[in-house]
Amino acid sequence: PPPGPPPPPPPADIGGPGGGDDMTAAKSALFADINKGTDITKGLKKVTADMQTHKNPGLRQTGPVTYKPGSGPKPYSKPTTTTTGPPKLQLEGKKWSVEYHKDRKDLAITQTEMRQTVYVYKCENVTLQVKGKINSITLDSCKKVALVFDDVISSVDFINCQSIQAQVIGKTPIFNVDKTDGCQIYLSKTSLDTEVVGAKSSELNILVPDNSGEFTEFAIAEQFKTVWDPKTKKMNTVPTEVVG
């Protein structure tokens, strides 16, 4: 007859390898405690009345933990900067400084020279007239300012402004418009070759006079399309047409 199945393997040693006599003694003590039944609790330490919180109020917590100022990280706060100051219109060296004027329609700079510049800072709801020929004019962080000037040799710059109107009576080679929302530039018949350079700006319009003196408004593109030209191997950028 065929041989019977092999005997089952010996039971695994739950103590793991390397148990030795210490592991055997520990297992014997464990089984001895289990065989005691209810008597196993006799070796536990009894909790007395003075150790119970419901009988000893002194062990209770007196109240909820309160937040202590300064114990955690402080919230970030933006540094404060001065945004207003006393109105100023004065010549400082070669620079006319016009600062912090508000609700003025009569500001004028009449005594000018070609080497001088005009710097207008944080003015609001103001009309400024600059007579004569001057080197440059800069409007910085202004709002609702109307500028009328005769001639500028270098450039007229608008930086961080809102709702600006400018009219050139004579000539200027270039207008630089940077980070400005809402800008209308009125050209004269002698300044039709003026360049207008805009960056990060919106609602930029150029008004060109005709022979009768009437102005025609032209909007400067705000959106552009760039495509790759495989023939020239260059990127071509053109303004996109707004369909209204």
# chains A, B, ... in the order shown; residues from 1 in each chain; ligands from 1
>>> residues_around(residues="range 199-214 of chain A", least_positions_apart="4", cutoff="7 Å", atoms="only C-alpha atoms", output="PDB file with all heavy atoms, in the first residue's frame")
ATOM      1  N   VAL A 177       3.714 105.035 -20.695  1.00  0.00           N
ATOM      2  CA  VAL A 177       2.579 104.760 -19.814  1.00  0.00           C
ATOM      3  C   VAL A 177       2.801 103.388 -19.188  1.00  0.00           C
ATOM      4  O   VAL A 177       2.784 102.371 -19.887  1.00  0.00           O
ATOM      5  CB  VAL A 177       1.245 104.792 -20.576  1.00  0.00           C
ATOM      6  CG1 VAL A 177       0.078 104.625 -19.616  1.00  0.00           C
ATOM      7  CG2 VAL A 177       1.111 106.098 -21.364  1.00  0.00           C
ATOM      8  N   ASP A 178       3.021 103.362 -17.863  1.00  0.00           N
ATOM      9  CA  ASP A 178       3.373 102.121 -17.177  1.00  0.00           C
ATOM     10  C   ASP A 178       2.439 101.902 -15.987  1.00  0.00           C
ATOM     11  O   ASP A 178       2.300 102.785 -15.130  1.00  0.00           O
ATOM     12  CB  ASP A 178       4.830 102.190 -16.702  1.00  0.00           C
ATOM     13  CG  ASP A 178       5.312 100.880 -16.109  1.00  0.00           C
ATOM     14  OD1 ASP A 178       4.671  99.842 -16.378  1.00  0.00           O
ATOM     15  OD2 ASP A 178       6.322 100.888 -15.375  1.00  0.00           O
ATOM     16  N   LYS A 179       1.795 100.734 -15.949  1.00  0.00           N
ATOM     17  CA  LYS A 179       0.920 100.356 -14.835  1.00  0.00           C
ATOM     18  C   LYS A 179      -0.133 101.431 -14.556  1.00  0.00           C
ATOM     19  O   LYS A 179      -0.319 101.860 -13.409  1.00  0.00           O
ATOM     20  CB  LYS A 179       1.743 100.069 -13.572  1.00  0.00           C
ATOM     21  CG  LYS A 179       2.724  98.921 -13.714  1.00  0.00           C
ATOM     22  CD  LYS A 179       3.536  98.733 -12.456  1.00  0.00           C
ATOM     23  CE  LYS A 179       4.565  97.632 -12.629  1.00  0.00           C
ATOM     24  NZ  LYS A 179       5.410  97.477 -11.415  1.00  0.00           N
ATOM     25  N   THR A 180      -0.798 101.861 -15.594  1.00  0.00           N
ATOM     26  CA  THR A 180      -1.781 102.935 -15.486  1.00  0.00           C
ATOM     27  C   THR A 180      -3.113 102.470 -16.066  1.00  0.00           C
ATOM     28  O   THR A 180      -3.149 101.883 -17.149  1.00  0.00           O
ATOM     29  CB  THR A 180      -1.282 104.194 -16.214  1.00  0.00           C
ATOM     30  OG1 THR A 180      -0.137 104.703 -15.518  1.00  0.00           O
ATOM     31  CG2 THR A 180      -2.351 105.267 -16.256  1.00  0.00           C
ATOM     32  N   ASP A 181      -4.191 102.729 -15.342  1.00  0.00           N
ATOM     33  CA  ASP A 181      -5.539 102.355 -15.775  1.00  0.00           C
ATOM     34  C   ASP A 181      -6.332 103.615 -16.093  1.00  0.00           C
ATOM     35  O   ASP A 181      -6.618 104.411 -15.198  1.00  0.00           O
ATOM     36  CB  ASP A 181      -6.250 101.557 -14.679  1.00  0.00           C
ATOM     37  CG  ASP A 181      -5.557 100.242 -14.372  1.00  0.00           C
ATOM     38  OD1 ASP A 181      -5.039  99.633 -15.321  1.00  0.00           O
ATOM     39  OD2 ASP A 181      -5.533  99.836 -13.199  1.00  0.00           O
ATOM     40  N   GLY A 182      -6.660 103.775 -17.367  1.00  0.00           N
ATOM     41  CA  GLY A 182      -7.424 104.936 -17.802  1.00  0.00           C
ATOM     42  C   GLY A 182      -6.528 106.109 -18.129  1.00  0.00           C
ATOM     43  O   GLY A 182      -6.099 106.838 -17.243  1.00  0.00           O
ATOM     44  N   CYS A 183      -6.232 106.285 -19.415  1.00  0.00           N
ATOM     45  CA  CYS A 183      -5.332 107.369 -19.834  1.00  0.00           C
ATOM     46  C   CYS A 183      -5.772 107.868 -21.214  1.00  0.00           C
ATOM     47  O   CYS A 183      -5.879 107.086 -22.164  1.00  0.00           O
ATOM     48  CB  CYS A 183      -3.889 106.880 -19.878  1.00  0.00           C
ATOM     49  SG  CYS A 183      -2.705 108.130 -20.395  1.00  0.00           S
ATOM     50  N   GLN A 184      -5.997 109.185 -21.305  1.00  0.00           N
ATOM     51  CA  GLN A 184      -6.345 109.820 -22.568  1.00  0.00           C
ATOM     52  C   GLN A 184      -5.269 110.845 -22.911  1.00  0.00           C
ATOM     53  O   GLN A 184      -4.960 111.728 -22.103  1.00  0.00           O
ATOM     54  CB  GLN A 184      -7.712 110.502 -22.481  1.00  0.00           C
ATOM     55  CG  GLN A 184      -8.878 109.522 -22.430  1.00  0.00           C
ATOM     56  CD  GLN A 184     -10.214 110.238 -22.468  1.00  0.00           C
ATOM     57  OE1 GLN A 184     -10.385 111.282 -21.853  1.00  0.00           O
ATOM     58  NE2 GLN A 184     -11.167 109.688 -23.202  1.00  0.00           N
ATOM     59  N   ILE A 185      -4.717 110.706 -24.107  1.00  0.00           N
ATOM     60  CA  ILE A 185      -3.643 111.590 -24.560  1.00  0.00           C
ATOM     61  C   ILE A 185      -4.137 112.369 -25.774  1.00  0.00           C
ATOM     62  O   ILE A 185      -4.481 111.773 -26.804  1.00  0.00           O
ATOM     63  CB  ILE A 185      -2.380 110.798 -24.905  1.00  0.00           C
ATOM     64  CG1 ILE A 185      -1.852 110.080 -23.648  1.00  0.00           C
ATOM     65  CG2 ILE A 185      -1.306 111.707 -25.488  1.00  0.00           C
ATOM     66  CD1 ILE A 185      -0.659 109.181 -23.918  1.00  0.00           C
ATOM     67  N   TYR A 186      -4.183 113.691 -25.660  1.00  0.00           N
ATOM     68  CA  TYR A 186      -4.606 114.572 -26.751  1.00  0.00           C
ATOM     69  C   TYR A 186      -3.343 115.105 -27.446  1.00  0.00           C
ATOM     70  O   TYR A 186      -2.543 115.813 -26.829  1.00  0.00           O
ATOM     71  CB  TYR A 186      -5.430 115.740 -26.214  1.00  0.00           C
ATOM     72  CG  TYR A 186      -6.777 115.353 -25.667  1.00  0.00           C
ATOM     73  CD1 TYR A 186      -6.900 114.824 -24.385  1.00  0.00           C
ATOM     74  CD2 TYR A 186      -7.940 115.539 -26.429  1.00  0.00           C
ATOM     75  CE1 TYR A 186      -8.139 114.477 -23.871  1.00  0.00           C
ATOM     76  CE2 TYR A 186      -9.178 115.186 -25.912  1.00  0.00           C
ATOM     77  CZ  TYR A 186      -9.275 114.657 -24.639  1.00  0.00           C
ATOM     78  OH  TYR A 186     -10.507 114.323 -24.139  1.00  0.00           O
ATOM     79  N   LEU A 187      -3.192 114.754 -28.705  1.00  0.00           N
ATOM     80  CA  LEU A 187      -2.058 115.236 -29.485  1.00  0.00           C
ATOM     81  C   LEU A 187      -2.403 116.554 -30.181  1.00  0.00           C
ATOM     82  O   LEU A 187      -3.569 116.862 -30.412  1.00  0.00           O
ATOM     83  CB  LEU A 187      -1.644 114.189 -30.518  1.00  0.00           C
ATOM     84  CG  LEU A 187      -1.218 112.814 -29.982  1.00  0.00           C
ATOM     85  CD1 LEU A 187      -0.863 111.898 -31.153  1.00  0.00           C
ATOM     86  CD2 LEU A 187      -0.048 112.937 -29.013  1.00  0.00           C
ATOM     87  N   SER A 188      -1.357 117.293 -30.485  1.00  0.00           N
ATOM     88  CA  SER A 188      -1.531 118.512 -31.276  1.00  0.00           C
ATOM     89  C   SER A 188      -1.178 118.209 -32.730  1.00  0.00           C
ATOM     90  O   SER A 188      -0.637 117.134 -33.052  1.00  0.00           O
ATOM     91  CB  SER A 188      -0.623 119.618 -30.741  1.00  0.00           C
ATOM     92  OG  SER A 188       0.738 119.257 -30.901  1.00  0.00           O
ATOM     93  N   LYS A 189      -1.452 119.146 -33.613  1.00  0.00           N
ATOM     94  CA  LYS A 189      -1.114 118.937 -35.025  1.00  0.00           C
ATOM     95  C   LYS A 189       0.389 118.850 -35.252  1.00  0.00           C
ATOM     96  O   LYS A 189       0.838 118.213 -36.209  1.00  0.00           O
ATOM     97  CB  LYS A 189      -1.699 120.079 -35.862  1.00  0.00           C
ATOM     98  CG  LYS A 189      -3.223 120.079 -35.904  1.00  0.00           C
ATOM     99  CD  LYS A 189      -3.734 121.206 -36.793  1.00  0.00           C
ATOM    100  CE  LYS A 189      -5.248 121.208 -36.863  1.00  0.00           C
ATOM    101  NZ  LYS A 189      -5.775 122.299 -37.727  1.00  0.00           N
ATOM    102  N   PHE A 218      -8.648 106.983 -30.731  1.00  0.00           N
ATOM    103  CA  PHE A 218      -8.151 105.667 -31.131  1.00  0.00           C
ATOM    104  C   PHE A 218      -7.717 104.908 -29.878  1.00  0.00           C
ATOM    105  O   PHE A 218      -6.945 105.433 -29.060  1.00  0.00           O
ATOM    106  CB  PHE A 218      -6.967 105.795 -32.099  1.00  0.00           C
ATOM    107  CG  PHE A 218      -7.306 106.476 -33.399  1.00  0.00           C
ATOM    108  CD1 PHE A 218      -7.183 107.854 -33.526  1.00  0.00           C
ATOM    109  CD2 PHE A 218      -7.763 105.747 -34.481  1.00  0.00           C
ATOM    110  CE1 PHE A 218      -7.484 108.487 -34.720  1.00  0.00           C
ATOM    111  CE2 PHE A 218      -8.078 106.379 -35.680  1.00  0.00           C
ATOM    112  CZ  PHE A 218      -7.939 107.753 -35.799  1.00  0.00           C
ATOM    113  N   ALA A 219      -8.223 103.694 -29.738  1.00  0.00           N
ATOM    114  CA  ALA A 219      -7.887 102.870 -28.572  1.00  0.00           C
ATOM    115  C   ALA A 219      -6.619 102.065 -28.855  1.00  0.00           C
ATOM    116  O   ALA A 219      -6.411 101.565 -29.957  1.00  0.00           O
ATOM    117  CB  ALA A 219      -9.042 101.939 -28.236  1.00  0.00           C
ATOM    118  N   ILE A 220      -5.787 101.953 -27.842  1.00  0.00           N
ATOM    119  CA  ILE A 220      -4.574 101.148 -27.934  1.00  0.00           C
ATOM    120  C   ILE A 220      -4.912  99.718 -27.511  1.00  0.00           C
ATOM    121  O   ILE A 220      -5.616  99.491 -26.526  1.00  0.00           O
ATOM    122  CB  ILE A 220      -3.463 101.715 -27.029  1.00  0.00           C
ATOM    123  CG1 ILE A 220      -3.167 103.159 -27.420  1.00  0.00           C
ATOM    124  CG2 ILE A 220      -2.211 100.866 -27.111  1.00  0.00           C
ATOM    125  CD1 ILE A 220      -2.686 103.334 -28.841  1.00  0.00           C
ATOM    126  N   GLU A 222      -5.033  96.117 -25.945  1.00  0.00           N
ATOM    127  CA  GLU A 222      -4.665  95.572 -24.639  1.00  0.00           C
ATOM    128  C   GLU A 222      -4.396  94.078 -24.692  1.00  0.00           C
ATOM    129  O   GLU A 222      -3.758  93.534 -23.796  1.00  0.00           O
ATOM    130  CB  GLU A 222      -5.784  95.843 -23.626  1.00  0.00           C
ATOM    131  CG  GLU A 222      -6.073  97.314 -23.401  1.00  0.00           C
ATOM    132  CD  GLU A 222      -7.197  97.524 -22.400  1.00  0.00           C
ATOM    133  OE1 GLU A 222      -7.455  96.593 -21.604  1.00  0.00           O
ATOM    134  OE2 GLU A 222      -7.815  98.590 -22.406  1.00  0.00           O
TER     135      GLU A 222
END
>>> residues_around(residues="Lys102 in chain A", least_positions_apart="3", cutoff="9 Å", atoms="only C-alpha atoms", output="PyMOL selection string")
chain A and resi 87+122-126
>>> write_last_selection(atoms="N, CA, C and O atoms", output="mmCIF file, in the first residue's frame")
data_model
loop_
_atom_site.group_PDB
_atom_site.id
_atom_site.type_symbol
_atom_site.label_atom_id
_atom_site.label_comp_id
_atom_site.auth_asym_id
_atom_site.auth_seq_id
_atom_site.Cartn_x
_atom_site.Cartn_y
_atom_site.Cartn_z
ATOM 1 N N PRO A 87 0.704 119.575 1.057
ATOM 2 C CA PRO A 87 0.796 119.932 -0.367
ATOM 3 C C PRO A 87 2.058 120.748 -0.637
ATOM 4 O O PRO A 87 2.450 121.591 0.168
ATOM 5 N N LYS A 122 1.359 111.629 -6.111
ATOM 6 C CA LYS A 122 0.180 111.412 -5.270
ATOM 7 C C LYS A 122 -0.733 112.630 -5.205
ATOM 8 O O LYS A 122 -1.103 113.097 -4.132
ATOM 9 N N CYS A 123 -1.081 113.118 -6.381
ATOM 10 C CA CYS A 123 -2.082 114.180 -6.482
ATOM 11 C C CYS A 123 -3.398 113.570 -6.960
ATOM 12 O O CYS A 123 -3.401 112.608 -7.734
ATOM 13 N N GLU A 124 -4.507 114.167 -6.524
ATOM 14 C CA GLU A 124 -5.821 113.625 -6.867
ATOM 15 C C GLU A 124 -6.781 114.755 -7.208
ATOM 16 O O GLU A 124 -6.842 115.763 -6.497
ATOM 17 N N ASN A 125 -7.512 114.555 -8.322
ATOM 18 C CA ASN A 125 -8.508 115.522 -8.784
ATOM 19 C C ASN A 125 -7.877 116.912 -8.958
ATOM 20 O O ASN A 125 -8.310 117.901 -8.366
ATOM 21 N N VAL A 126 -6.831 116.933 -9.775
ATOM 22 C CA VAL A 126 -6.016 118.144 -9.934
ATOM 23 C C VAL A 126 -5.846 118.443 -11.420
ATOM 24 O O VAL A 126 -5.737 117.527 -12.252
#
>>> closest_residue(among="A:Ser141, A:Thr194, A:Ser136, A:Gln129", to="Tyr100 in chain A", atoms="only C-alpha atoms")
A:Ser141
>>> residues_around(residues="Tyr119 in chain A", least_positions_apart="3", cutoff="12 Å", atoms="only C-alpha atoms", output="ChimeraX atom specification")
/A:88-92,94-100,109,116,122-123,128,130,134-142,147,156-159
>>> atom_distance(atom1="CA of Gly85 in chain A", atom2="CA of His101 in chain A")
9.0 Å
>>> select_by_dssp(residues="range 107-143 of chain A", states="strand (DSSP E or B)", output="ChimeraX atom specification")
/A:107-109,117-121,124-140,143
>>> closest_residue(among="A:Val120, A:Met235, A:Val168, A:Ala146", to="Lys105 in chain A", atoms="only C-alpha atoms")
A:Ala146
